[in-house]
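Since the structure comes first, as C-alpha cells, the remarks are kept for the end.
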Amino acid sequence: MASCLESTVLRIKRGDTPACRAVKTTARWILKANIPVPRTFKPLLRIAYDVRFYIPVPWRRLKSLLYVHPLFAGRCEWMGKRVQIGALPRINGHTQVYVGDDVRFSGALVVTSGRFCDHPTLRIGDRAFIGDRVAITCNRQVVIEEDVLIASACRITDYDGHPASLEQRMANALPTADEIRSVRICRGAWIGQGSLIMKGVTIGEGAIVGAHSVVTHDVPPHAVAAGVPARIVKEGTTDGSTYRTIPAKARGAEVCRYPGEEELRVRIASAVNRGSSVSPAAT
Ligand SMILES: CC(C)(COP(=O)(O)OP(=O)(O)OC[C@H]1O[C@@H](n2cnc3c(N)ncnc32)[C@H](O)[C@@H]1OP(=O)(O)O)[C@@H](O)C(=O)NCCC(=O)NCCS
C-alpha cells in the first residue's frame, strides 16, 4: 500500500487539483533555476573550477603515501618499487598478490577468490597499468605481464562463478579443476575499456582488445581482437607497428546489420556528395 507521502507525490506529479498543479509548477521552476553568470566573472570562476579539482590532489598523494601504500604492501607477498596506488585495492579471499616495479593502480581494484584452490596467485608485472574499477577473479592464477595496459571497468576471471551443470549449481558444488583455468595477459598487451577476459584465455604479447569485448579464446601476439565474442579484426607484425585488417566477411562478421542498411548507406553517400544530409529516421 502506498504511503501518504507517496500518494501526495503522485497527485502532485499528475497535477490532480489546482493546488497540486501550482506545487508542481513551483517545484519545476526551483529545479531548473540558474543564477546567470556575468562574463566578467568567467575567468575567476574558471580558476575556481580548476582549483576545486587540484586541491584534493596533494591530499590524495599524502593519503597514498602514509596509509594506502603501507597497508597494501602489507597485504601483498611482494611489492616492487615506485608503485602508484590511487585507492586501496580490495582483496577478498586468500589470493597471493605480487606487484612489480613502477606499477600504477589508477583507482578501485577488486580481487576476489572463492577459496577453492590452495595459493591462488595474482602477478602484476613491472610498469603495468591497472585502470579504475577493474575486477579480477583469481582462483588459481592470473598473470598480467610487464607493460600491460588494462583500461577502466575491465573484468578478468579464471572461473565463471558457478558450475555449468544445473545439478552441480543446485547442489552448490565446488567447481571441478577444469572449470578454473588460469589467465595470462602477455607483455605490452592493451585491454580496452569495459572488456571481459574469460577463464583460460591468453592474450598474446602486444595484442589489443577492443573496448567492451568479451574474450573467450586466446588472442595471438600483436593481433587486434574486438567484439562479443571477440574476433580477430586485425593481424599485426611482430613489432606491432603495422596491421593487416581482416575483412569483415572473412571473420564472419555481419556486414548488413539491419534490413535496408546497404540502401541507406548508398543514399547517405549520395546525399553527402550533393552536400545535403539524410536523417536515418526519414527512411
Ligand atoms: C580496438 C581498437 C584499438 C581498434 O582501433 P582501430 O585499429 O582504429 O580499428 P578500426 O576502427 O579500423 O576497426 C577495425 C574493425 O574492428 C571493429 N571494432 C573496433 N573496435 C571494436 C570494438 N571495441 N568492438 C567491436 N568491434 C570493434 C570495427 O568496427 C571494424 O570492423 P569492420 O571492419 O567490420 O568495420 C579500438 O576500436 C578500441 O576499441 N580501442 C580501445 C579504446 C579504449 O578502451 N580506451 C580506453 C582508454 S585506455
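Within each chain, counting starts at residue 1; across the C-alpha cells, chains are named A, B, ... in the order shown, with ligands numbered 1 upward in that order.
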Could you give me, as a PDB file with C-alpha atoms, in the first residue's frame, each residue of range 32-263 of chain A that DSSP assigns to strand (DSSP E) when run on this structure's backbone?
```
ATOM      1  CA  TRP A  78      55.798  -8.837  -2.936  1.00  0.00           C
ATOM      2  CA  MET A  79      55.560  -5.141  -3.712  1.00  0.00           C
ATOM      3  CA  GLN A  84      51.439   4.318  -7.525  1.00  0.00           C
ATOM      4  CA  ILE A  85      48.143   3.486  -5.858  1.00  0.00           C
ATOM      5  CA  ARG A  90      40.294  -4.643  -2.101  1.00  0.00           C
ATOM      6  CA  ILE A  91      41.462  -8.263  -1.913  1.00  0.00           C
ATOM      7  CA  ASN A  92      38.585 -10.554  -0.982  1.00  0.00           C
ATOM      8  CA  GLN A  96      48.604 -14.065  -3.049  1.00  0.00           C
ATOM      9  CA  VAL A  97      49.460 -10.827  -4.807  1.00  0.00           C
ATOM     10  CA  TYR A  98      52.841  -9.985  -6.387  1.00  0.00           C
ATOM     11  CA  VAL A  99      53.290  -6.459  -7.724  1.00  0.00           C
ATOM     12  CA  ARG A 104      50.165   2.094 -11.472  1.00  0.00           C
ATOM     13  CA  PHE A 105      46.740   1.414  -9.958  1.00  0.00           C
ATOM     14  CA  LEU A 109      40.688  -2.584  -7.891  1.00  0.00           C
ATOM     15  CA  VAL A 110      38.824  -5.575  -6.524  1.00  0.00           C
ATOM     16  CA  VAL A 111      40.429  -9.026  -6.451  1.00  0.00           C
ATOM     17  CA  THR A 112      38.226 -11.915  -5.427  1.00  0.00           C
ATOM     18  CA  THR A 121      48.215 -16.127  -7.331  1.00  0.00           C
ATOM     19  CA  LEU A 122      47.892 -12.746  -8.998  1.00  0.00           C
ATOM     20  CA  ARG A 123      51.107 -11.465 -10.584  1.00  0.00           C
ATOM     21  CA  ILE A 124      51.324  -7.943 -11.958  1.00  0.00           C
ATOM     22  CA  PHE A 129      48.738  -0.045 -15.601  1.00  0.00           C
ATOM     23  CA  ILE A 130      45.510  -1.136 -13.898  1.00  0.00           C
ATOM     24  CA  VAL A 134      38.943  -3.251 -12.598  1.00  0.00           C
ATOM     25  CA  ALA A 135      37.759  -6.543 -11.095  1.00  0.00           C
ATOM     26  CA  ILE A 136      39.860  -9.697 -11.100  1.00  0.00           C
ATOM     27  CA  THR A 137      38.574 -13.088 -10.053  1.00  0.00           C
ATOM     28  CA  GLN A 141      46.388 -17.869 -11.360  1.00  0.00           C
ATOM     29  CA  VAL A 142      46.075 -14.583 -13.193  1.00  0.00           C
ATOM     30  CA  VAL A 143      49.268 -13.184 -14.686  1.00  0.00           C
ATOM     31  CA  ILE A 144      49.479  -9.631 -16.011  1.00  0.00           C
ATOM     32  CA  LEU A 149      47.571  -1.624 -20.014  1.00  0.00           C
ATOM     33  CA  ILE A 150      44.219  -2.551 -18.548  1.00  0.00           C
ATOM     34  CA  ARG A 155      36.958  -7.787 -15.674  1.00  0.00           C
ATOM     35  CA  ILE A 156      39.376 -10.693 -15.724  1.00  0.00           C
ATOM     36  CA  THR A 157      38.268 -14.027 -14.420  1.00  0.00           C
ATOM     37  CA  VAL A 183      44.546 -16.339 -17.428  1.00  0.00           C
ATOM     38  CA  ARG A 184      47.669 -14.694 -18.842  1.00  0.00           C
ATOM     39  CA  ILE A 185      47.921 -11.248 -20.386  1.00  0.00           C
ATOM     40  CA  TRP A 190      46.314  -3.364 -24.138  1.00  0.00           C
ATOM     41  CA  ILE A 191      42.861  -4.312 -22.879  1.00  0.00           C
ATOM     42  CA  LEU A 196      35.765  -9.156 -20.061  1.00  0.00           C
ATOM     43  CA  ILE A 197      38.599 -11.676 -20.242  1.00  0.00           C
ATOM     44  CA  THR A 202      45.946 -15.957 -23.042  1.00  0.00           C
ATOM     45  CA  ILE A 203      46.236 -12.516 -24.604  1.00  0.00           C
ATOM     46  CA  ILE A 208      44.945  -5.221 -28.344  1.00  0.00           C
ATOM     47  CA  VAL A 209      41.443  -5.998 -27.130  1.00  0.00           C
ATOM     48  CA  VAL A 214      34.191 -10.414 -24.350  1.00  0.00           C
ATOM     49  CA  VAL A 215      37.295 -12.527 -24.929  1.00  0.00           C
ATOM     50  CA  VAL A 224      43.625  -6.780 -32.513  1.00  0.00           C
ATOM     51  CA  ALA A 225      40.556  -8.623 -31.213  1.00  0.00           C
ATOM     52  CA  ALA A 226      37.182  -6.960 -30.684  1.00  0.00           C
ATOM     53  CA  ARG A 231      37.113 -11.951 -33.089  1.00  0.00           C
ATOM     54  CA  ILE A 232      40.473 -11.084 -34.604  1.00  0.00           C
ATOM     55  CA  VAL A 233      39.845  -7.910 -36.630  1.00  0.00           C
ATOM     56  CA  LYS A 234      43.489  -7.106 -37.400  1.00  0.00           C
ATOM     57  CA  GLU A 235      46.709  -9.077 -37.544  1.00  0.00           C
ATOM     58  CA  GLY A 236      49.873  -7.270 -36.638  1.00  0.00           C
ATOM     59  CA  TYR A 243      48.371  -4.128 -39.031  1.00  0.00           C
ATOM     60  CA  ARG A 244      46.548  -6.070 -41.746  1.00  0.00           C
ATOM     61  CA  THR A 245      42.779  -5.690 -41.453  1.00  0.00           C
TER      62      THR A 245
END
```
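Residues lying within 6 Å of Pro221 in chain A, counting only C-alpha atoms and ignoring same-chain neighbours fewer than 3 positions away, are Gly204, Glu205, Gly206 and Ala207 of chain A.
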Mind writing the picked residues with C-alpha atoms as a CSV table (one decimal), in the first residue's frame?
```
chain,number,residue,atom,x,y,z
A,204,GLY,CA,49.4,-12.6,-26.7
A,205,GLU,CA,52.3,-10.2,-26.5
A,206,GLY,CA,51.5,-6.7,-27.7
A,207,ALA,CA,47.9,-7.7,-28.6
```
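Take the candidates A:Ala108, A:Val228, A:Ala177, A:Val51 and check each one against ligand 1 using only C-alpha atoms and all ligand atoms; the shortest distance goes to A:Val228.
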Practice task
Can you pull out every residue within 12 Å of Leu62 in chain A, counting only C-alpha atoms, but drop anything in the same chain fewer than 6 positions away, and send it as a ChimeraX atom specification?
Solution key: /A:56,68-70,84-87
Taking N, CA and C atoms for each residue, export the selection above as a compact mmCIF listing (two decimals), in the first residue's frame.
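Once everything was written out, this is result-v6.txt:
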```
# COMPACT_ATOMS: atom_id res chain seq x y z
N PRO A 56 42.30 18.55 -3.97
CA PRO A 56 42.39 17.22 -3.36
C PRO A 56 43.63 16.42 -3.76
N VAL A 68 47.50 4.24 2.27
CA VAL A 68 47.12 3.25 1.27
C VAL A 68 48.30 2.33 0.91
N HIS A 69 49.45 2.93 0.61
CA HIS A 69 50.61 2.15 0.17
C HIS A 69 51.10 1.18 1.25
N PRO A 70 51.31 1.65 2.50
CA PRO A 70 51.76 0.69 3.52
C PRO A 70 50.79 -0.45 3.75
N GLN A 84 52.41 3.23 -7.77
CA GLN A 84 51.44 4.32 -7.52
C GLN A 84 50.07 3.70 -7.30
N ILE A 85 49.45 4.09 -6.20
CA ILE A 85 48.14 3.49 -5.86
C ILE A 85 47.13 4.59 -5.61
N GLY A 86 46.10 4.65 -6.48
CA GLY A 86 45.07 5.69 -6.35
C GLY A 86 44.14 5.43 -5.17
N ALA A 87 43.73 4.19 -5.02
CA ALA A 87 42.83 3.83 -3.91
C ALA A 87 43.23 2.45 -3.41
```
Handout entry: Nearest candidate to ligand 1 (options A:Ala271, A:Met198, A:Ala164, A:Val148; using only C-alpha atoms and all ligand atoms)
Key = A:Val148
Handout entry: Distance query Ile12 in chain A at most 9 Å, only C-alpha atoms, self and fewer than 5 positions along chain excluded, as a list in words
Key = Ser7, Thr17, Ala19, Cys20, Arg21, Ala22, Val23 and Lys24 of chain A
Practice task
Find the distance between CA of Glu77 in chain A and CA of Val57 in chain A and write it in Å to one decimal.
Solution key: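 We find that CA of Glu77 in chain A and CA of Val57 in chain A lie 28.7 Å from each other.
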Practice task
Compile the contact shell of range 113-119 of chain A as JSON, numbers by chain: residues with an atom at most 8 Å away, counting only C-alpha atoms, same-chain residues fewer than 3 positions apart removed.
Solution key: {"A": [92, 93, 94, 95, 96, 137, 138, 139, 140, 174, 175]}
Would you put the residues from that selection into a file with C-alpha atoms, as an mmCIF file, in the first residue's frame?
```cif
data_model
loop_
_atom_site.group_PDB
_atom_site.id
_atom_site.type_symbol
_atom_site.label_atom_id
_atom_site.label_comp_id
_atom_site.auth_asym_id
_atom_site.auth_seq_id
_atom_site.Cartn_x
_atom_site.Cartn_y
_atom_site.Cartn_z
ATOM 1 C CA ASN A 92 38.585 -10.554 -0.982
ATOM 2 C CA GLY A 93 39.885 -14.005 -0.078
ATOM 3 C CA HIS A 94 43.320 -15.559 0.047
ATOM 4 C CA THR A 95 44.862 -14.588 -3.305
ATOM 5 C CA GLN A 96 48.604 -14.065 -3.049
ATOM 6 C CA THR A 137 38.574 -13.088 -10.053
ATOM 7 C CA CYS A 138 41.592 -15.202 -9.215
ATOM 8 C CA ASN A 139 41.062 -18.753 -8.040
ATOM 9 C CA ARG A 140 44.220 -20.327 -9.456
ATOM 10 C CA LEU A 174 32.581 -26.679 -5.778
ATOM 11 C CA PRO A 175 33.993 -26.206 -9.299
#
```
Practice task
Identify which of the residues A:Glu179, A:Glu145, A:Asp132, A:Glu262 lies closest to ligand 1, counting only C-alpha atoms and all ligand atoms when measuring atom-to-atom distances.
Solution key: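 Answer, going by the shortest atom-to-atom distance: A:Asp132.
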Practice task
List every residue of range 204-278 of chain A that DSSP, applied to the backbone of this structure, assigns to alpha helix (DSSP H), and report them as an MDAnalysis selection string.
Solution key: chainID A and resid 261:274
Problem - Two-atom distance - CA of Gly74 in chain A, CA of Gln193 in chain A (Å) - result: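 Separating CA of Gly74 in chain A from CA of Gln193 in chain A is a distance of 29.4 Å.
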Practice task
Select, from A:His162, A:Lys32, A:Arg251, A:Arg267, the residue with the minimum atom-to-atom distance to ligand 1, counting only C-alpha atoms and all ligand atoms.
Solution key: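 Comparing A:His162, A:Lys32, A:Arg251, A:Arg267 against ligand 1, the winner is A:Arg251.
Nearest residue to Ala211 in chain A among A:Ser152, A:Arg181, A:Arg133, A:Ala171 is A:Ser152, counting only C-alpha atoms.
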Practice task
Choose the residue, out of A:Thr8, A:Gln168, A:Gly131, A:Gly107, that has the smallest atom-to-atom separation from ligand 1; count only C-alpha atoms and all ligand atoms.
Solution key: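 Residue with the minimum atom-to-atom distance to ligand 1: A:Gly131.
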Exercise for the section: Please measure the separation of CA of Ile30 in chain A and CA of Ser3 in chain A, giving the value in Å to one decimal. Expected result: 24.9 Å
